[in-house]
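*Asks:* Take this structure, written in structure tokens, and hold onto it; I'll ask about it next.
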Amino acid sequence: MTLHRPRRPARTAAAIGLILTSAAAFAGCGGAEGADGGDTTLRVAIFGDFGYEKLYDQFEAEHPGVKIVETSEGDLGKYNTALTQKIAAGSAPGDVVAIEEGQVVNFLASADKFVNFQDHGSNDRKDQWLPWKYEQATTADGTDTIGLGTDVGGMAMCYRRDLFERAGLPTDRTEVAALWPTWEEFTKVGEQFQEGIGTDDVHFIDSATNTYNSILMQSADETYFDPDGELVIESNPAVKEAWDTALGMSEAGISARLKSFSTEWTAGFKSGSFATVACPAWMTNNIKENTGAEGEGLWDITTVPGGGGNWGGSFLAVPTSSDHQDLAVELVDFLTSAEGQLGAFEATGNLPSNPTLYDTPELQQATNPYFNDAPTGQLFVAGARNLQPVYLGAKNQPVRDAVENAMRSVENGDTSPADGWDAAVEDAEKAAG
Amino acid sequence: MTTATAPPARRGSRAGARGTRGEQVAGYAFISPFFLVFAVFGLFPLLFTFWVSLHDWDLLGTRSWVGLGNYTALLEDEDFWNALVNTLGIFVLSTVPQLLVALALAQLLNQRLRARTLWRMGVLLPNITSIAAVGIIFTLLFARDFGLVNWLLGHVGVDPITWQEHRWSSWLAISTMVDWRWTGYNALIFLAALQAVPRELYEAAQIDGASPVSQFRHITVPMLRPTIVFATLVATIGGIQLFTEPLLFNSGANAITGGTTRQFQTLTMYLYEQAFTGQEFGYASTVAWMMFLVILVVAVVNALLLRRLRGVA
């Protein structure tokens, strides 16, 4: 669902790769370490930053002779395209590949291109993941699991303390949470904010579409498609409700009308163009990078209206084109284990998909100094606990794009809301094929 | 742009036009690399794309034969025609001024100037700039809230324009981007051609009392005709395949749709959207083949127009 999960700056994966490769070369000079007399290199292809460096070191220490080389792509769209092409061509970019939530349905259509984790006993360890997370990467007949869950995008709301203060609103995160138990109240707070701030340079929300997605993802167990793959955009009331609520905010004049992940949106964090952003766990890293070091303490995190929800999250899979499938499966098992997910959480703040971790002190006591020491662990866990699993469907992305486009043209004033909805439905039908 | 070469006259060949069998084989062997490379990288993809276009082809899932179904669907596809209009619109809007300005620039650079090499190198600079950088910088220049263009317009009382939002404004902005990048390149091509024009022609014209303008019209332009044909053809191919500039101009989510109502989605963007967002590879291949036909048509129109140009001269 987060197809537009941000261009998190690619780690210096190439550099790491280089170092690891040369390390492998040196190890090779040192003589045969592995039992089979040679070194094995495991390639891991991910997007953004999964926070796995320390875990790789640990895995390598436990498996002498194994070297892990990670390649990372900063742009999720590019990553998805390349991954699809390479999987279809039978030459996967890694022994382990990351699959984003929005793409996993597509890959389920060619489950034979991936190792079935059930053959490696994943069914016995099912309770390591939120049930819907495990199901998302399992074929409809339940016999084939192509990926194991890494993180989930538990929802919260991020807000600017300084702008709230200027507008005369409370800044404490418990008081702020009390202002908006529902999205209707959120809109009202937005109107108050707009009045209080008294300028057109600052708005309450970044865009209607971001809010729309948050509302949609928490309101129903299906969005555009029912589990039979039928387009239900018109018959599913949740879609229209989310559409109306989000556009209501735009009509109330509280939206900055900035397209997500555009240059202006990114710049808006620094210039303070908007005071709130719907905030899945992975978004915190974005906010930090976009606002910059001087913005430390400006942002804070509180609960999202409507209570919880999920937006984004990923899986790790092993393509059958890999030469080291068993070892790769072992690595995936390790990285998606409780220990691995906790390591990733500590490195990047990505919320584990393993519910047994939610009550551990590591998560419960985790805070984020950048966000005014907000208790990120508790906040995002609260969001994730209230999750309802949402079925997306293979054509979710094109349909979502079509609806978002229609919404943007309404928000920009090019189309009336009624015409916009008609266009959304029509384009969605077309995109669904 | 292959040039036809006359068969070389063989030395000491008395036995008629054909050589020995061995020589023939060697001859074919020598010219074979081009044909082999063309077959692998040119012909095969072309034919395979056509084959794919006859299917309902999901890259990851199923594929089934639909014959010409994709083509009939495409002809009724509003989004395809919209993309075609956008592509041709942006092409005309960018190429016409581009070539005219390039010609004028070439004329200027052909004068006796101080630091002539510096100027000549200077006009090529935009062309060697990374296209991604160009896209990002221009997107910032045309930004709604803090863009330089809106700031300048603000001084003459124009309200901030959301450049991406309207068809005319987005076309204008994208054309500016294309022109900035390619005008200098074309100017250099024209300059090279200008320098090959014999000076005697101008001298003779001057003696006959021709003004600089009529010298330009009656000597420069006709002598430059082959170069203009070349530049126009290259600009046509580039223009119809326009992709990166409009894509980067629409930064952020859903960039590939070229604006909320597809107001600046070009054919290549539509192709890419079908292939990678929609996973419809058969349909995307159909778009690719239609683009091929469109380029052919435009090339023929170009050729006819330029033939007229010679007639005028």
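The chains in the structure tokens are called A, B, ... from first to last as shown; in each chain the residues are counted from 1, and the ligands are counted from 1 in the order shown.
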What lies within 10 Å of Gly51 in chain A using only C-alpha atoms, ignoring chain neighbours under 3 positions off, as a short mmCIF file (atom, residue, chain, number, x, y, z; two decimals) with C-alpha atoms, in the first residue's frame?
*Replies:*
```cif
data_model
loop_
_atom_site.label_atom_id
_atom_site.label_comp_id
_atom_site.auth_asym_id
_atom_site.auth_seq_id
_atom_site.Cartn_x
_atom_site.Cartn_y
_atom_site.Cartn_z
CA ARG A 11 22.53 3.56 2.26
CA GLY A 48 15.71 2.03 1.56
CA LYS A 54 24.65 -5.52 12.81
CA LEU A 55 22.48 -8.56 12.14
CA TYR A 56 24.56 -9.44 9.10
CA GLY A 340 16.11 -9.78 13.99
CA GLN A 341 13.02 -7.58 14.05
CA GLY A 343 17.52 -5.26 15.86
CA ALA A 344 15.91 -3.59 12.86
CA PHE A 345 13.57 -1.58 15.11
CA GLU A 346 16.52 -0.29 17.11
CA ALA A 347 18.39 0.69 13.95
CA THR A 348 15.58 2.37 11.97
CA GLY A 349 12.39 2.50 14.04
CA ASN A 350 10.59 0.09 11.69
#
```
*Asks:* Pick out each residue of range 7-199 of chain A that DSSP on the backbone tags as alpha helix (DSSP H); I need them as a ChimeraX atom specification.
*Replies:* /A:13-29,53-62,76-89,101-108,131-136,161-166,173-179,183-197
*Asks:* Nearest to Gln279 in chain B: which of A:Gly229, A:Thr266, A:Ala109, A:Gly94 is it, counting only C-alpha atoms?
*Replies:*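 Nearest candidate to Gln279 in chain B out of A:Gly229, A:Thr266, A:Ala109, A:Gly94: A:Ala109.
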*Asks:* Mind pulling up the distance from CA of Gln85 in chain A to CA of Trp282 in chain A?
*Replies:*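 Distance between the two atoms: 26.2 Å.
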*Asks:* Mind checking DSSP for range 282-365 of chain A and telling me the strand (DSSP E) residues as a PyMOL selection string?
*Replies:* chain A and resi 299-302+310-317+351-352
*Asks:* What does the structure give for the distance between CA of Ala173 in chain B and CA of Phe264 in chain B, in Å to one decimal?
*Replies:* 10.4 Å
*Asks:* Could you list, as a ChimeraX atom specification, the residues of chain B having an atom within 12 Å of chain A when counting only C-alpha atoms?
*Replies:* /B:56-62,73,77-79,135-147,161-167,247-263,272-281,283
*Asks:* Could you check how far CA of Thr138 in chain A sits from CA of Ala278 in chain A, in Å to one decimal?
*Replies:*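 So the two atoms, CA of Thr138 in chain A and CA of Ala278 in chain A, lie 28.7 Å apart.
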*Asks:* Pick from A:Ala281, A:Met217, A:Leu298, A:Leu179: nearest to Asp151 in chain A, with only C-alpha atoms counted?
*Replies:*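 When distances to Asp151 in chain A are compared using only C-alpha atoms, the smallest one comes from A:Ala281.
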*Asks:* Find the residues around Ala192 in chain B up to 10 Å (only C-alpha atoms counted), leave out those fewer than 4 positions away in its own chain, and share them as JSON, numbers by chain.
*Replies:* {"B": [106, 110, 186, 187, 188, 196, 197, 224, 227]}
*Asks:* I need the chosen residues saved as a tab-separated table (two decimals), in the first residue's frame, with C-alpha atoms.
*Replies:*
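The result, written out as result.tsv:
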```
chain	number	residue	atom	x	y	z
B	106	ALA	CA	24.92	29.11	-34.91
B	110	ASN	CA	30.01	31.82	-36.76
B	186	ASN	CA	21.68	21.75	-32.42
B	187	ALA	CA	23.47	25.09	-32.66
B	188	LEU	CA	26.79	23.27	-32.83
B	196	ALA	CA	31.23	24.13	-44.71
B	197	VAL	CA	29.36	26.74	-46.78
B	224	LEU	CA	22.02	23.78	-44.55
B	227	THR	CA	21.67	19.34	-41.72
```
*Asks:* Pick from B:Tyr71, B:Phe38, B:Trp180, B:Trp151: nearest to Val52 in chain B, with only C-alpha atoms counted?
*Replies:*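 Checking each candidate against Val52 in chain B, we get B:Tyr71 as the closest.
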*Asks:* Which residues come within 6 Å of His55 in chain B, counting only C-alpha atoms, excluding same-chain residues fewer than 4 positions away, as a compact mmCIF listing (two decimals) with all heavy atoms, in the first residue's frame?
*Replies:*
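Saved as selection34.txt:
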```
# COMPACT_ATOMS: atom_id res chain seq x y z
N SER B 64 -2.16 -14.85 -22.67
CA SER B 64 -3.06 -15.53 -23.60
C SER B 64 -3.16 -14.75 -24.91
O SER B 64 -2.99 -13.53 -24.92
CB SER B 64 -4.46 -15.66 -22.97
OG SER B 64 -4.93 -14.39 -22.63
N TRP B 65 -3.43 -15.45 -25.97
CA TRP B 65 -3.48 -14.88 -27.32
C TRP B 65 -4.73 -14.04 -27.49
O TRP B 65 -5.83 -14.50 -27.19
CB TRP B 65 -3.46 -16.03 -28.33
CG TRP B 65 -3.63 -15.58 -29.74
CD1 TRP B 65 -4.79 -15.52 -30.44
CD2 TRP B 65 -2.61 -15.15 -30.62
NE1 TRP B 65 -4.55 -15.07 -31.70
CE2 TRP B 65 -3.20 -14.84 -31.85
CE3 TRP B 65 -1.21 -14.99 -30.49
CZ2 TRP B 65 -2.49 -14.37 -32.95
CZ3 TRP B 65 -0.49 -14.54 -31.59
CH2 TRP B 65 -1.13 -14.23 -32.81
N VAL B 66 -4.58 -12.80 -27.93
CA VAL B 66 -5.76 -11.98 -28.18
C VAL B 66 -5.76 -11.42 -29.60
O VAL B 66 -6.60 -10.60 -29.94
CB VAL B 66 -5.88 -10.80 -27.19
CG1 VAL B 66 -6.18 -11.30 -25.79
CG2 VAL B 66 -4.63 -9.93 -27.19
N GLY B 282 1.37 -6.86 -22.78
CA GLY B 282 0.86 -6.94 -24.15
C GLY B 282 0.39 -5.58 -24.63
O GLY B 282 0.74 -5.13 -25.72
```
